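Novice: Below is a structure I'd like to ask you about.
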Amino acid sequence: MRAGVIAAYVLLAEWTRALFSSAPHAAAPVLVLGGVALAMTAIGWGPARMGLGTSHMALRIVGGCALAVVLLLPAATRAGAAPLLPLWLALPAVVVSIGEEIAFRGALYGALEDLGGAPLAVLGSTALWTAAHALSHPPEFLLAVAAAGLLLAIWRWACNDLVAPIIGHVFADLAL
Amino acid sequence: MTRAALLAAAVITYVSVAWAVAPGFYDGFAPQQPYNWVCPPFHVAGNLAPSSGHLDIKVIGGVSDANSAFTDDGQVVVGFLPGAFDVSGKTSIAVDIKPVDPCPKPAGLTFVTNAYLITADAPLVKPANLVLRYSDVVPAPSTVYYAADAAGPWTSIGAGSEAQPFTINTRTSKFGYFAAGYPAGRVSSGGIRGQILPIAVALLIVGVLLAGIPLAILRRRQAAPPDDEGPGEPEP
């Protein structure tokens with residue numbers, strides 16, 4: 001029940017954000033509101049349960065930088081072949097990326113893990129993450145979106161950590 | 001070991017899949033419709049030809065109506081205020097937008113959009129608002145260029161604040177050739193990287209190695225303390 005409600009809520013938040021962010025002058029406020037709406041899924045979850053514990057923080061931060069390297073590698077090795085995020089979207093990008101990690105690899109992952117264990121949590125959160133980006137990405141990009149979601153979800157499972165996915169996602173969104 | 005192997009497999013999968021589509025994963029802050037190029041960049045596959053646009057603007061009571069001309073693929077939009085045209089003796093104004101083929105390649109400039117020829121059968125008396133969409137697989141342009149002839153000379157007519165992601169807008173009081181771009185040899189001012197991204201990623205790699213190796217060695221030397229978060233403690 002809880003997993004279904006969270007899944008429906010994050011899909012609704014993401015699709016609403018995608019639909020309204022193309023309105024003139026609406027992109028930044030819509031992104032910030034969307035990110036905050038996603039982050040609200042953290043309500044009722046303890047930090048440790050979300051993977052937001054404070055132990056081994058240095059390793060988590062280094063891991064986040066490593067994830068950022070992996071996420072940005074295809075773009076970085078093809079200079080000039082990547083979109084450039086306009087500067088005025090930097091803060092909204094940070095808010096959205098944190099919100100998405102909290103929603104998908106935090107709350108949704110946790111709810112799915114309670115429901116069916118780690119395999120359901122990894123695959124389910126990846127599937128919903130991909131579906132959530134269906135309106136904001138052309139179809140040919142969705143496989144890359146799914147692969148990124150899978151990578152971040154496997155990290156979440158393997159390291160019981162959400163700090164590194166947040167850091168990696170923020171770096172990736174700031175660059176692209 | 002299984003976790004590390006799965007992580008490694010996920011990394012390889014991501015890099016392989018993301019390599020197939022430029023630029024790889026991005027978070028889609030704007031609905032990204034593939035750009036239709038006259039002369040596509042080398043890394044763009046499956047390009048479609050860009051569209052033209054046509055608009056007939058009514059003249060009501062001796063004043064041209066407010067309206068917008070656009071290409072069918074939405075890559076160019078030109079907005080006209082009421083009374084934007086000198087309508088002497090006309091009952092309607094025809095506006096045409098056509099992508100320019102072959103692509104102009106002026107020395108000293110880099111165009112990141114198609115060049116478009118925008119014409120009308122009456123001159124402007126009020127500036128029109130011009131919006132050009134640009135691709136998400138090229139550096140952002142810093143300005144819009146204008147030329148009376150495709151061969152040039154091309155001059156910058158500036159750019160306004162960005163109303164939507166991946167668009168650049170400006171105002172023009174004359175028709176002719178338009179394209180968005182930036183001076184060749186400079187990093188585009190429209191984004192936070194360009195040449196910066198490869199350097200930033202290289203610095204991140206160095207940082208991960210410099211910090212990660214000592215941390216990993218230190219962690220192996222220490223007796224692992226009881227984890228406060230369950231079985232899967234961070235093992236980057």
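Identifiers in the structure tokens: chain A, B, ... in order shown; residue index from 1 per chain; ligand index from 1 in order shown.
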Can you tell me which residues surround range 5-14 of chain A at a distance of at most 10 Å, considering only C-alpha atoms, apart from same-chain residues fewer than 3 positions away, and format the answer as a ChimeraX atom specification?

Specialist: /A:1-2,17-19,31,33-41,96,99-100,103-104,107-109,111-112,124-125,128-136

Novice: Would you pick out the contacts of range 114-126 of chain B at 7 Å or less, using only C-alpha atoms, so that residues sharing its chain but fewer than 4 positions from it are not included, and give the list as an NGL selection string?

Specialist: :B and (37-38 or 84-87 or 93-100 or 103 or 173-179)

Novice: With N, CA and C atoms retained, write the just-selected residues as a short mmCIF file (atom, residue, chain, number, x, y, z; two decimals), in the first residue's frame.

Specialist:
```cif
data_model
loop_
_atom_site.label_atom_id
_atom_site.label_comp_id
_atom_site.auth_asym_id
_atom_site.auth_seq_id
_atom_site.Cartn_x
_atom_site.Cartn_y
_atom_site.Cartn_z
N TRP B 37 18.33 19.22 -38.04
CA TRP B 37 19.47 19.96 -38.58
C TRP B 37 19.45 19.99 -40.11
N VAL B 38 19.95 21.11 -40.63
CA VAL B 38 20.32 21.14 -42.05
C VAL B 38 21.67 20.44 -42.20
N ALA B 84 2.69 45.89 -36.18
CA ALA B 84 4.13 45.68 -36.34
C ALA B 84 4.61 45.97 -37.76
N PHE B 85 3.68 45.96 -38.72
CA PHE B 85 4.09 46.12 -40.13
C PHE B 85 3.60 47.44 -40.71
N ASP B 86 4.33 47.91 -41.70
CA ASP B 86 3.86 49.00 -42.56
C ASP B 86 2.91 48.36 -43.57
N VAL B 87 1.61 48.58 -43.42
CA VAL B 87 0.62 47.81 -44.17
C VAL B 87 0.06 48.57 -45.37
N ILE B 93 -0.51 40.25 -44.51
CA ILE B 93 0.96 40.22 -44.61
C ILE B 93 1.39 38.75 -44.58
N ALA B 94 2.19 38.36 -45.54
CA ALA B 94 2.70 36.98 -45.57
C ALA B 94 4.11 36.94 -44.96
N VAL B 95 4.27 36.04 -44.02
CA VAL B 95 5.59 35.85 -43.39
C VAL B 95 6.06 34.43 -43.67
N ASP B 96 7.30 34.29 -44.08
CA ASP B 96 7.84 32.96 -44.37
C ASP B 96 9.14 32.75 -43.60
N ILE B 97 9.31 31.52 -43.11
CA ILE B 97 10.55 31.13 -42.43
C ILE B 97 11.07 29.89 -43.14
N LYS B 98 12.32 29.95 -43.58
CA LYS B 98 12.89 28.80 -44.30
C LYS B 98 14.29 28.51 -43.78
N PRO B 99 14.58 27.25 -43.49
CA PRO B 99 15.96 26.90 -43.14
C PRO B 99 16.88 27.09 -44.35
N VAL B 100 18.08 27.56 -44.10
CA VAL B 100 19.00 27.90 -45.19
C VAL B 100 19.90 26.69 -45.49
N CYS B 103 24.46 25.29 -45.34
CA CYS B 103 24.66 26.00 -44.08
C CYS B 103 25.73 27.07 -44.22
N SER B 173 14.30 44.32 -35.95
CA SER B 173 13.44 45.28 -36.65
C SER B 173 13.57 45.12 -38.16
N LYS B 174 14.24 44.09 -38.58
CA LYS B 174 14.34 43.84 -40.03
C LYS B 174 14.38 42.33 -40.28
N PHE B 175 14.03 41.98 -41.50
CA PHE B 175 14.03 40.58 -41.88
C PHE B 175 15.33 40.24 -42.59
N GLY B 176 15.63 38.95 -42.65
CA GLY B 176 16.85 38.50 -43.29
C GLY B 176 17.23 37.14 -42.77
N TYR B 177 18.52 36.91 -42.62
CA TYR B 177 19.04 35.61 -42.19
C TYR B 177 19.38 35.67 -40.69
N PHE B 178 19.01 34.62 -39.97
CA PHE B 178 19.24 34.59 -38.53
C PHE B 178 19.80 33.21 -38.14
N ALA B 179 20.72 33.23 -37.19
CA ALA B 179 21.26 31.99 -36.62
C ALA B 179 21.79 32.30 -35.23
#
```

Novice: For chain B, which of A:Leu162, A:Ile43, A:Leu142, A:Ala75 is the closest residue, counting only C-alpha atoms?

Specialist: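 Of all the options, A:Ala75 lies closest to chain B.
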
Novice: List every residue of range 30-167 of chain A that DSSP, applied to the backbone, labels as alpha helix (DSSP H), and write the result as a PyMOL selection string.

Specialist: chain A and resi 30-39+57-76+90-100+109-132+142-159+163-167

Novice: Here is a test: counting only C-alpha atoms, which residue of A:Ala175, A:Ile154, A:Ile102, A:Ala28 is nearest to Pro47 in chain A?

Specialist: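 Of A:Ala175, A:Ile154, A:Ile102, A:Ala28, the one nearest Pro47 in chain A is A:Ile102, counting only C-alpha atoms.
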
Novice: In terms of the shortest atom-to-atom distance over only C-alpha atoms, which of A:Phe171, A:Trp155, A:Trp15, A:Trp45 is closest to chain B?

Specialist: A:Trp155

Novice: Set the distance at 12 Å and use only C-alpha atoms: which residues neighbour Val70 in chain A once local chain neighbours fewer than 4 positions away are removed? I'd like the list as a PyMOL selection string.

Specialist: (chain A and resi 63-66+74-77+147-148+151-152+165+168-169+171-172) or (chain B and resi 7-8+10-16+18-19+24-25+201-202+204-205+208)

Novice: Any chance you can output those residues with N, CA and C atoms as a CSV table (one decimal), in the first residue's frame?

Specialist:
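New file part_20.csv:
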```
chain,number,residue,atom,x,y,z
A,63,GLY,N,32.7,8.3,-2.7
A,63,GLY,CA,31.8,7.4,-3.6
A,63,GLY,C,30.9,8.3,-4.4
A,64,GLY,N,30.4,9.3,-3.9
A,64,GLY,CA,29.5,10.2,-4.7
A,64,GLY,C,30.3,10.9,-5.8
A,65,CYS,N,31.6,11.3,-5.6
A,65,CYS,CA,32.4,11.8,-6.6
A,65,CYS,C,32.7,10.8,-7.7
A,66,ALA,N,32.9,9.6,-7.2
A,66,ALA,CA,33.2,8.5,-8.2
A,66,ALA,C,31.9,8.2,-9.1
A,74,PRO,N,30.5,9.7,-20.3
A,74,PRO,CA,30.2,9.7,-21.7
A,74,PRO,C,30.1,11.1,-22.3
A,75,ALA,N,29.6,12.1,-21.5
A,75,ALA,CA,29.6,13.4,-22.0
A,75,ALA,C,31.0,14.1,-22.0
A,76,ALA,N,31.7,13.8,-21.0
A,76,ALA,CA,33.0,14.5,-20.9
A,76,ALA,C,34.0,14.0,-21.9
A,77,THR,N,33.9,12.8,-22.4
A,77,THR,CA,34.8,12.3,-23.4
A,77,THR,C,34.4,12.7,-24.8
A,147,ALA,N,19.6,3.0,-17.2
A,147,ALA,CA,21.0,2.5,-16.8
A,147,ALA,C,21.5,3.3,-15.6
A,148,ALA,N,21.3,4.6,-15.7
A,148,ALA,CA,21.7,5.5,-14.6
A,148,ALA,C,20.9,5.2,-13.3
A,151,LEU,N,22.2,1.9,-11.9
A,151,LEU,CA,23.5,2.1,-11.2
A,151,LEU,C,23.3,2.7,-9.8
A,152,LEU,N,22.5,3.8,-9.8
A,152,LEU,CA,22.3,4.5,-8.5
A,152,LEU,C,21.6,3.6,-7.5
A,165,PRO,N,24.8,8.6,-4.0
A,165,PRO,CA,23.9,8.9,-5.2
A,165,PRO,C,23.4,10.4,-5.2
A,168,GLY,N,26.5,12.3,-6.5
A,168,GLY,CA,26.7,12.0,-8.0
A,168,GLY,C,25.7,12.6,-8.8
A,169,HIS,N,24.4,12.5,-8.4
A,169,HIS,CA,23.3,13.1,-9.2
A,169,HIS,C,23.4,14.6,-9.2
A,171,PHE,N,26.1,16.5,-9.1
A,171,PHE,CA,27.2,16.8,-10.0
A,171,PHE,C,26.7,16.7,-11.5
A,172,ALA,N,26.0,15.5,-11.7
A,172,ALA,CA,25.6,15.3,-13.1
A,172,ALA,C,24.6,16.3,-13.6
B,7,LEU,N,28.0,-3.9,-8.8
B,7,LEU,CA,28.2,-2.4,-9.0
B,7,LEU,C,29.1,-2.2,-10.3
B,8,ALA,N,30.1,-3.0,-10.4
B,8,ALA,CA,31.0,-2.9,-11.6
B,8,ALA,C,30.2,-3.2,-12.9
B,10,ALA,N,27.0,-2.7,-13.3
B,10,ALA,CA,26.1,-1.5,-13.5
B,10,ALA,C,26.9,-0.4,-14.1
B,11,VAL,N,28.1,-0.2,-13.7
B,11,VAL,CA,28.9,0.9,-14.2
B,11,VAL,C,29.2,0.6,-15.7
B,12,ILE,N,29.6,-0.6,-16.0
B,12,ILE,CA,29.9,-0.9,-17.4
B,12,ILE,C,28.6,-0.8,-18.3
B,13,THR,N,27.5,-1.3,-17.7
B,13,THR,CA,26.2,-1.2,-18.5
B,13,THR,C,25.9,0.3,-18.8
B,14,TYR,N,26.0,1.1,-17.7
B,14,TYR,CA,25.6,2.5,-17.9
B,14,TYR,C,26.5,3.2,-19.0
B,15,VAL,N,27.8,3.0,-18.8
B,15,VAL,CA,28.7,3.7,-19.8
B,15,VAL,C,28.5,3.2,-21.2
B,16,SER,N,28.2,1.9,-21.3
B,16,SER,CA,28.0,1.4,-22.7
B,16,SER,C,26.7,1.9,-23.3
B,18,ALA,N,25.0,4.7,-22.3
B,18,ALA,CA,25.0,6.1,-22.4
B,18,ALA,C,25.9,6.6,-23.5
B,19,TRP,N,26.9,5.8,-23.8
B,19,TRP,CA,27.8,6.1,-25.0
B,19,TRP,C,27.0,6.1,-26.3
B,24,GLY,N,24.5,11.1,-23.2
B,24,GLY,CA,24.4,10.1,-22.1
B,24,GLY,C,23.3,10.6,-21.1
B,25,PHE,N,23.4,10.2,-19.9
B,25,PHE,CA,22.3,10.6,-19.0
B,25,PHE,C,22.3,12.1,-18.7
B,201,VAL,N,35.7,16.7,-14.8
B,201,VAL,CA,35.7,15.2,-14.5
B,201,VAL,C,37.1,14.7,-14.2
B,202,ALA,N,38.1,15.2,-14.9
B,202,ALA,CA,39.5,14.8,-14.6
B,202,ALA,C,39.8,15.1,-13.2
B,204,LEU,N,37.8,15.5,-10.7
B,204,LEU,CA,37.0,14.6,-9.9
B,204,LEU,C,37.7,13.2,-9.8
B,205,ILE,N,38.2,12.7,-10.9
B,205,ILE,CA,38.9,11.4,-10.9
B,205,ILE,C,40.2,11.5,-10.0
B,208,VAL,N,39.0,11.6,-6.4
B,208,VAL,CA,38.6,10.3,-5.9
B,208,VAL,C,39.8,9.4,-5.6
```

Novice: What gap, in Å, lies between CA of Asp72 in chain B and CA of Gly53 in chain B?

Specialist: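 Between CA of Asp72 in chain B and CA of Gly53 in chain B the gap works out to 5.9 Å.
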
Novice: Just give me the gap between CA of Ser52 in chain B and CA of Tyr26 in chain B in Å, one decimal is fine.

Specialist: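 Taking CA of Ser52 in chain B as the start and CA of Tyr26 in chain B as the end point, the length is 29.5 Å.
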
Novice: Of the residues B:Ser51, B:Thr113, B:Ser156, B:Ser64, which is the one nearest to Ala180 in chain B, using only C-alpha atoms?

Specialist: B:Thr113
